[in-house]
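Peer 1: First, the structure itself, so that you have it in front of you.
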2 protein chains.
Amino acid sequence: MLTYPLEKRGKTPIYRYLYQCIRDDIIAGNLAKGTKLPSKRELAQNLNVSVITIQNAYEELQIEGYITSVERRGFFVLHDESGIPVIPHQSGITTQDQNKPTEKITKTPLTKDFNAENAVTPIIADLTGKNCLRQDFPYASWARTVRSILKEDPPELLKGPPSKGLPVLRNAIANHLWAYRGIAADPEHIVVGSGAEHLYGLIVTLLGRNLLYATEDPGYQKFCKLLNNHGADVVAVPIDRDGLRCDKLNKVAADVVHLSPAHHFPTGTVMTLGRRRELLNWAHADHTKRWLIEDDYDCELRLRGRPVSTLYALNQGRQVIYMNTFSCTLSPGMRIAYLVLPNELVDIYHELCDYYTCTVPVLEQLTLARFIDEGDFGRHINRSRTAGRHRRTRLLQLIRRSPLIDLASIDEKDAGLHFLLRLHGNFTADDRENLRQASRQKGIAINFLDDYRRPKDRLLHYSNDCPLTIVINYSNLEPDLYEPTITDLTQTIREVATRSPSHQDLVR
Amino acid sequence: MLTYPLEKRGKTPIYRYLYQCIRDDIIAGNLAKGTKLPSKRELAQNLNVSVITIQNAYEELQIEGYITSVERRGFFVLHDESGIPVIPHQSGITTQDQNKPTEKITKTPLTKDFNAENAVTPIIADLTGKNCLRQDFPYASWARTVRSILKEDPPELLKGPPSKGLPVLRNAIANHLWAYRGIAADPEHIVVGSGAEHLYGLIVTLLGRNLLYATEDPGYQKFCKLLNNHGADVVAVPIDRDGLRCDKLNKVAADVVHLSPAHHFPTGTVMTLGRRRELLNWAHADHTKRWLIEDDYDCELRLRGRPVSTLYALNQGRQVIYMNTFSCTLSPGMRIAYLVLPNELVDIYHELCDYYTCTVPVLEQLTLARFIDEGDFGRHINRSRTAGRHRRTRLLQLIRRSPLIDLASIDEKDAGLHFLLRLHGNFTADDRENLRQASRQKGIAINFLDDYRRPKDRLLHYSNDCPLTIVINYSNLEPDLYEPTITDLTQTIREVATRSPSHQDLVR
């Protein structure tokens, strides 16, 4: 078993030190090509460090081509006697981008489970939509605002911000909500926090962990995991073309429903007004403990159709917690989201959470407030919408003119920065995983609609009447990658279909 | 009952609109001087808004002198027929600072419960120690670092940061911990989050809410409240001169102990090495589920004595969660704290929380990392320590030369930015509240040692052998306020003693 003297590493992090030791042994020939390395868990036990430390060391070695992982077999030395590391084969899309600096791969949570062994190929086309496109971010005006605030040196910078956020930011958000969503929110009802994930924890504190929470299926899976981490139970309620199925909701004993009615994630469905009223009636039937959490995450980026009235406005904020974020409109690197609380929950908030210090730094709060107040945010949203419409039109045109349209149909709803690609034919769960891995090998990260269902239900959805569906989020795809991505995706779907006996009809 | 047409307020926040309506009615004479206003709760019900909205409107009116509150009586119109608002009388320290711009009062959570009715006098001398002194903050170098990062425009700015924080910041923190605390922490074990309060929630997720948590009494009361909000139970274990009493700990069925051994909050006690070993033995007795949370909140600002070895280092990080923050060393406005997790919890973290997005904005993370790496942080700590020592010496000298030293004894421990003032004589709970309110009327905010005990135990501590003790945190006191604060505090203690029959001996 590999054993290295960790006490000699000085200030070097353990994973980095291990990486160096193993690399040096490979270069020196002490670990010959083809040698199997100990498993991560074995080596972690041997050195009394955590498994993740070993994983990080192995990942570094993989990225630099010293070792490789073989599924269900383990890690093997890959280095050639020539002293030149063997660079793993990269095909298609990755080849034409070889001049790009190779980044360390940042794994996205949803793809991670499936792609842990594929960490060698950098992600070139991320269709899972976590980041912003650089040209979309109002970089110049944001930097100018930060600089002007730093120059003014306001006294707030040196104090912990008040629990719900700085009043100046809450006022700015209230004005924005009025202008963009027709919501008349009292700034005292607004709570600012460092991201939606953080605010879900706060909601559980306010409503209690003894209630039963419901969410849409398919839907935002993080909600279930987050609420479980906060000690609350979540049930999944199916959706149809009109939105959440209230008949199914009535069959479970849920107290709280989390949903994104303006633009369902990830299908894009807009909940009909009729269904909204049905849902509000469900809530009104027990106004002591039934609540709706309205996640309006990308309402500002609506590209088509008329804006939809919010549940919050329809209900005059009595039993609806409104939630929104600046991750989609500005950057997920900013970590700012907010809630608008109903009256009753404002009082509970003051009772339970008044002594909290708001989790968003004062500098960010002041910058965002001024950015909204001075109209920069509004201008940015308008530019983003125009750019989004152009991109959408271009991408859909390219797909409709490409052979991909023979393999799949496009399902595009009215809103937002993503659409669905429903594959023709009968794909199995194995096909789906093969498709995911083959795409990932070409540097394309994709999620399937099934990834947004609760895991235990996933297998139910592979039948003739429920085609395998790729969720295409193009917010993070550079326009010059549209064509190569379509080409590579088409090729990958064909390859997977070729290997699957039931899909010979798709292969031409 | 007052009723105003809320629907006519346009985009004005409700509280502001109500403030305007009531103010206009007072100026117009519709509400005459001396008129009693409806209670906050009555008016809230009448207008169907939250109590806090009314409270904010009333506070605005109070601050501007239109109304006043009389304890246990309610709110009364104060405006004079002359049209000039009556400014409430301000004495002592506030008089000599009348030229300072009057800020809107930011209530500190601990004083709030007691001082809600005193919101009229601005706080001039805040001895409760929440903020930083402006001249302490390394303003120029921080702003320079922010600007240089914005100029470089790194791609990370537009992505959600990885769950545990950016590697560059975790590496910088690991180096800092090695240099300042002799802790050899693997950066992979470090988790960055937006403030200690946020990280306590994370700890509950990792350890579970079925464990029984213990904390020091007196101690950091927020810990109890926060953990209750996260669904976990907390017991209080008394401390003595050597630190947490392990004999008492053994009598409760606690699984987790939260403490600040290097500098107990708020007494300043340093836990002895013997007691540390006793505590570690307690933990080792059940290594499957006993954990220590070591809150090292102001270790860098130690002013006297040798640095104390951490529990984390003594235990080689097996059952100790180390916790620290940049609130004390830089600014509470920054919202950056971190944990160093034991091996086992790193694995649990990856299992449960790997998909989280770190709550600290990328810009702050990059700035702080560079600030540490380039030595700015180290230089700032050295400067702060020197300044802290000078201030401490000066303040203690002034107290020892003032009549205050006849009324109280100083209890100063080795470390940190606060000390205790133990009042001679036999004060009752009523005296304590009178002292708090009388100080607050003079613009001085103070906390008592009893404020840091669990509320139900507080009354037990008023006896001859347990003197009333003021916690003096001078981190937020401008040096030119030292003398007037001492004078006003002395006068206030004498006044309160005069009114209390048992203290005639103190009044000379």
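Order determines the names: the first chain of the structure tokens is A, the second B, and so forth; residues in each chain are numbered 1 upward, and ligands are numbered 1 upward as they are shown.
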Using only C-alpha atoms, find each residue in chain B having at least one atom no more than 6 Å away from chain A; report its shortest atom-to-atom pair and that distance in Å (one decimal), rows by chain then rising number, as JSON lines.

Peer 2:
```
{"residue": "B:Pro13", "atom": "CA", "partner": "A:Asp186", "partner_atom": "CA", "distance": 5.0}
{"residue": "B:Ile14", "atom": "CA", "partner": "A:Asp186", "partner_atom": "CA", "distance": 5.9}
{"residue": "B:Ser50", "atom": "CA", "partner": "A:Asn343", "partner_atom": "CA", "distance": 5.2}
{"residue": "B:Pro109", "atom": "CA", "partner": "A:Tyr355", "partner_atom": "CA", "distance": 5.2}
{"residue": "B:Asn131", "atom": "CA", "partner": "A:Lys159", "partner_atom": "CA", "distance": 5.0}
{"residue": "B:Cys132", "atom": "CA", "partner": "A:Leu158", "partner_atom": "CA", "distance": 5.8}
{"residue": "B:Leu157", "atom": "CA", "partner": "A:Gly333", "partner_atom": "CA", "distance": 5.5}
{"residue": "B:Leu158", "atom": "CA", "partner": "A:Ser331", "partner_atom": "CA", "distance": 5.2}
{"residue": "B:Lys159", "atom": "CA", "partner": "A:Gly333", "partner_atom": "CA", "distance": 4.8}
{"residue": "B:Gly160", "atom": "CA", "partner": "A:Gly333", "partner_atom": "CA", "distance": 4.3}
{"residue": "B:Asp186", "atom": "CA", "partner": "A:Pro13", "partner_atom": "CA", "distance": 5.1}
{"residue": "B:Ser194", "atom": "CA", "partner": "A:Thr359", "partner_atom": "CA", "distance": 5.4}
{"residue": "B:Thr205", "atom": "CA", "partner": "A:Asn229", "partner_atom": "CA", "distance": 5.7}
{"residue": "B:Asn229", "atom": "CA", "partner": "A:Thr205", "partner_atom": "CA", "distance": 5.7}
{"residue": "B:Ser331", "atom": "CA", "partner": "A:Leu158", "partner_atom": "CA", "distance": 5.2}
{"residue": "B:Pro332", "atom": "CA", "partner": "A:Gly160", "partner_atom": "CA", "distance": 4.4}
{"residue": "B:Gly333", "atom": "CA", "partner": "A:Gly160", "partner_atom": "CA", "distance": 4.3}
{"residue": "B:Met334", "atom": "CA", "partner": "A:Pro361", "partner_atom": "CA", "distance": 4.8}
{"residue": "B:Arg335", "atom": "CA", "partner": "A:Pro361", "partner_atom": "CA", "distance": 5.4}
{"residue": "B:Asn343", "atom": "CA", "partner": "A:Ser50", "partner_atom": "CA", "distance": 5.1}
{"residue": "B:Tyr355", "atom": "CA", "partner": "A:Pro109", "partner_atom": "CA", "distance": 5.0}
{"residue": "B:Thr359", "atom": "CA", "partner": "A:Ser194", "partner_atom": "CA", "distance": 5.4}
{"residue": "B:Pro361", "atom": "CA", "partner": "A:Met334", "partner_atom": "CA", "distance": 4.8}
{"residue": "B:Val362", "atom": "CA", "partner": "A:Gly333", "partner_atom": "CA", "distance": 5.2}
```

Peer 1: For the selection just defined, write its residues with N, CA and C atoms to a file, as a compact mmCIF listing (two decimals), in the first residue's frame.

Peer 2:
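The file below, result.txt, is the result:
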```txt
# COMPACT_ATOMS: atom_id res chain seq x y z
N PRO B 13 -43.80 52.63 0.70
CA PRO B 13 -43.99 51.53 1.65
C PRO B 13 -45.08 51.89 2.67
N ILE B 14 -45.79 50.87 3.17
CA ILE B 14 -46.94 51.12 4.05
C ILE B 14 -46.53 51.92 5.28
N SER B 50 -49.00 44.25 9.35
CA SER B 50 -48.31 43.60 10.46
C SER B 50 -47.97 44.62 11.55
N PRO B 109 -29.68 43.72 19.10
CA PRO B 109 -30.67 42.75 19.55
C PRO B 109 -30.75 42.63 21.08
N ASN B 131 -19.75 46.33 16.49
CA ASN B 131 -19.16 46.86 15.26
C ASN B 131 -17.64 47.01 15.35
N CYS B 132 -17.05 47.50 14.28
CA CYS B 132 -15.61 47.78 14.27
C CYS B 132 -15.41 49.29 14.32
N LEU B 157 -16.15 35.03 -11.14
CA LEU B 157 -17.14 36.01 -10.69
C LEU B 157 -18.55 35.70 -11.19
N LEU B 158 -18.63 35.02 -12.32
CA LEU B 158 -19.96 34.78 -12.91
C LEU B 158 -20.49 33.38 -12.65
N LYS B 159 -19.83 32.65 -11.75
CA LYS B 159 -20.30 31.30 -11.45
C LYS B 159 -20.67 31.21 -9.98
N GLY B 160 -21.57 30.33 -9.66
CA GLY B 160 -21.83 30.03 -8.26
C GLY B 160 -20.58 29.41 -7.66
N ASP B 186 -6.14 20.73 6.46
CA ASP B 186 -6.27 20.45 5.03
C ASP B 186 -7.35 21.39 4.49
N SER B 194 -21.40 32.32 5.17
CA SER B 194 -21.65 33.74 5.41
C SER B 194 -22.00 34.01 6.87
N THR B 205 -27.12 20.39 10.68
CA THR B 205 -27.38 19.47 9.57
C THR B 205 -26.39 18.30 9.60
N ASN B 229 -33.99 27.33 16.84
CA ASN B 229 -34.60 27.60 15.53
C ASN B 229 -34.32 26.47 14.53
N SER B 331 -14.53 43.03 9.62
CA SER B 331 -15.77 43.77 9.84
C SER B 331 -16.94 42.80 9.87
N PRO B 332 -17.90 43.02 10.77
CA PRO B 332 -19.11 42.19 10.76
C PRO B 332 -19.93 42.42 9.49
N GLY B 333 -19.62 43.49 8.74
CA GLY B 333 -20.31 43.74 7.48
C GLY B 333 -19.89 42.81 6.37
N MET B 334 -18.77 42.06 6.59
CA MET B 334 -18.24 41.19 5.54
C MET B 334 -18.95 39.86 5.41
N ARG B 335 -19.48 39.34 6.52
CA ARG B 335 -20.19 38.05 6.52
C ARG B 335 -19.35 36.91 6.00
N ASN B 343 -12.25 14.66 10.03
CA ASN B 343 -12.35 13.72 8.89
C ASN B 343 -13.76 13.20 8.66
N TYR B 355 -23.92 19.56 -2.93
CA TYR B 355 -24.61 20.31 -3.98
C TYR B 355 -24.93 21.74 -3.55
N THR B 359 -22.35 30.27 0.40
CA THR B 359 -23.19 31.46 0.58
C THR B 359 -22.41 32.78 0.51
N PRO B 361 -20.34 35.61 -1.48
CA PRO B 361 -20.16 36.00 -2.88
C PRO B 361 -18.71 35.79 -3.35
N VAL B 362 -18.58 35.49 -4.63
CA VAL B 362 -17.27 35.19 -5.19
C VAL B 362 -16.32 36.39 -5.05
```

Peer 1: Taking the backbone alone, and naming residues the way the document does, which bits of segment 273-396 of chain B are helix (DSSP H, G or I) by DSSP, as a PyMOL selection string?

Peer 2: chain B and resi 273-284+299-301+311-314+343-353+362-373+376-396

Peer 1: Just want the 6 Å neighbourhood of Arg290 of chain A, counted on only C-alpha atoms, with same-chain residues fewer than 6 positions away dropped. Output as a ChimeraX atom specification.

Peer 2: /A:255-256,283

Peer 1: Need to verify the contact set: Arg23 of chain A, 9 Å, only C-alpha atoms, exclusion of same-chain residues closer than 5 positions in sequence. Can you return it as a PyMOL selection string?

Peer 2: chain A and resi 18+28+31+61+66

Peer 1: Would you save the residues from that selection as a compact mmCIF listing (two decimals), in the first residue's frame, using all heavy atoms?

Peer 2:
```
# COMPACT_ATOMS: atom_id res chain seq x y z
N LEU A 18 0.04 14.60 -1.50
CA LEU A 18 -0.12 13.23 -2.00
C LEU A 18 -0.01 13.20 -3.52
O LEU A 18 0.63 12.32 -4.10
CB LEU A 18 -1.48 12.67 -1.58
CG LEU A 18 -1.58 12.25 -0.12
CD1 LEU A 18 -3.00 11.83 0.21
CD2 LEU A 18 -0.61 11.09 0.14
N ALA A 28 9.43 8.84 -11.65
CA ALA A 28 10.67 8.10 -11.35
C ALA A 28 10.58 6.64 -11.77
O ALA A 28 11.57 5.92 -11.73
CB ALA A 28 10.95 8.19 -9.85
N LEU A 31 6.25 3.71 -9.84
CA LEU A 31 4.90 3.20 -10.14
C LEU A 31 4.82 3.07 -11.67
O LEU A 31 4.76 4.07 -12.37
CB LEU A 31 3.83 4.17 -9.62
CG LEU A 31 3.66 4.25 -8.11
CD1 LEU A 31 2.81 5.46 -7.71
CD2 LEU A 31 3.00 2.97 -7.59
N LEU A 61 -4.24 14.11 -10.43
CA LEU A 61 -3.41 13.20 -11.24
C LEU A 61 -4.13 12.83 -12.54
O LEU A 61 -3.50 12.71 -13.59
CB LEU A 61 -3.10 11.93 -10.42
CG LEU A 61 -2.14 12.14 -9.23
CD1 LEU A 61 -2.22 10.96 -8.26
CD2 LEU A 61 -0.70 12.33 -9.71
N TYR A 66 -1.71 11.61 -15.46
CA TYR A 66 -0.81 10.62 -14.86
C TYR A 66 -1.52 9.30 -14.60
O TYR A 66 -0.92 8.25 -14.64
CB TYR A 66 -0.21 11.15 -13.56
CG TYR A 66 0.81 12.24 -13.81
CD1 TYR A 66 0.50 13.57 -13.60
CD2 TYR A 66 2.08 11.92 -14.30
CE1 TYR A 66 1.41 14.57 -13.85
CE2 TYR A 66 3.01 12.91 -14.55
CZ TYR A 66 2.67 14.24 -14.33
OH TYR A 66 3.58 15.22 -14.59
```

Peer 1: Extract, using only C-alpha atoms, all DNA, RNA and protein residues at most 9 Å from Leu199 of chain A, discarding same-chain residues fewer than 6 positions from it, and format them as a ChimeraX atom specification.

Peer 2: /A:191-193,323,337-339
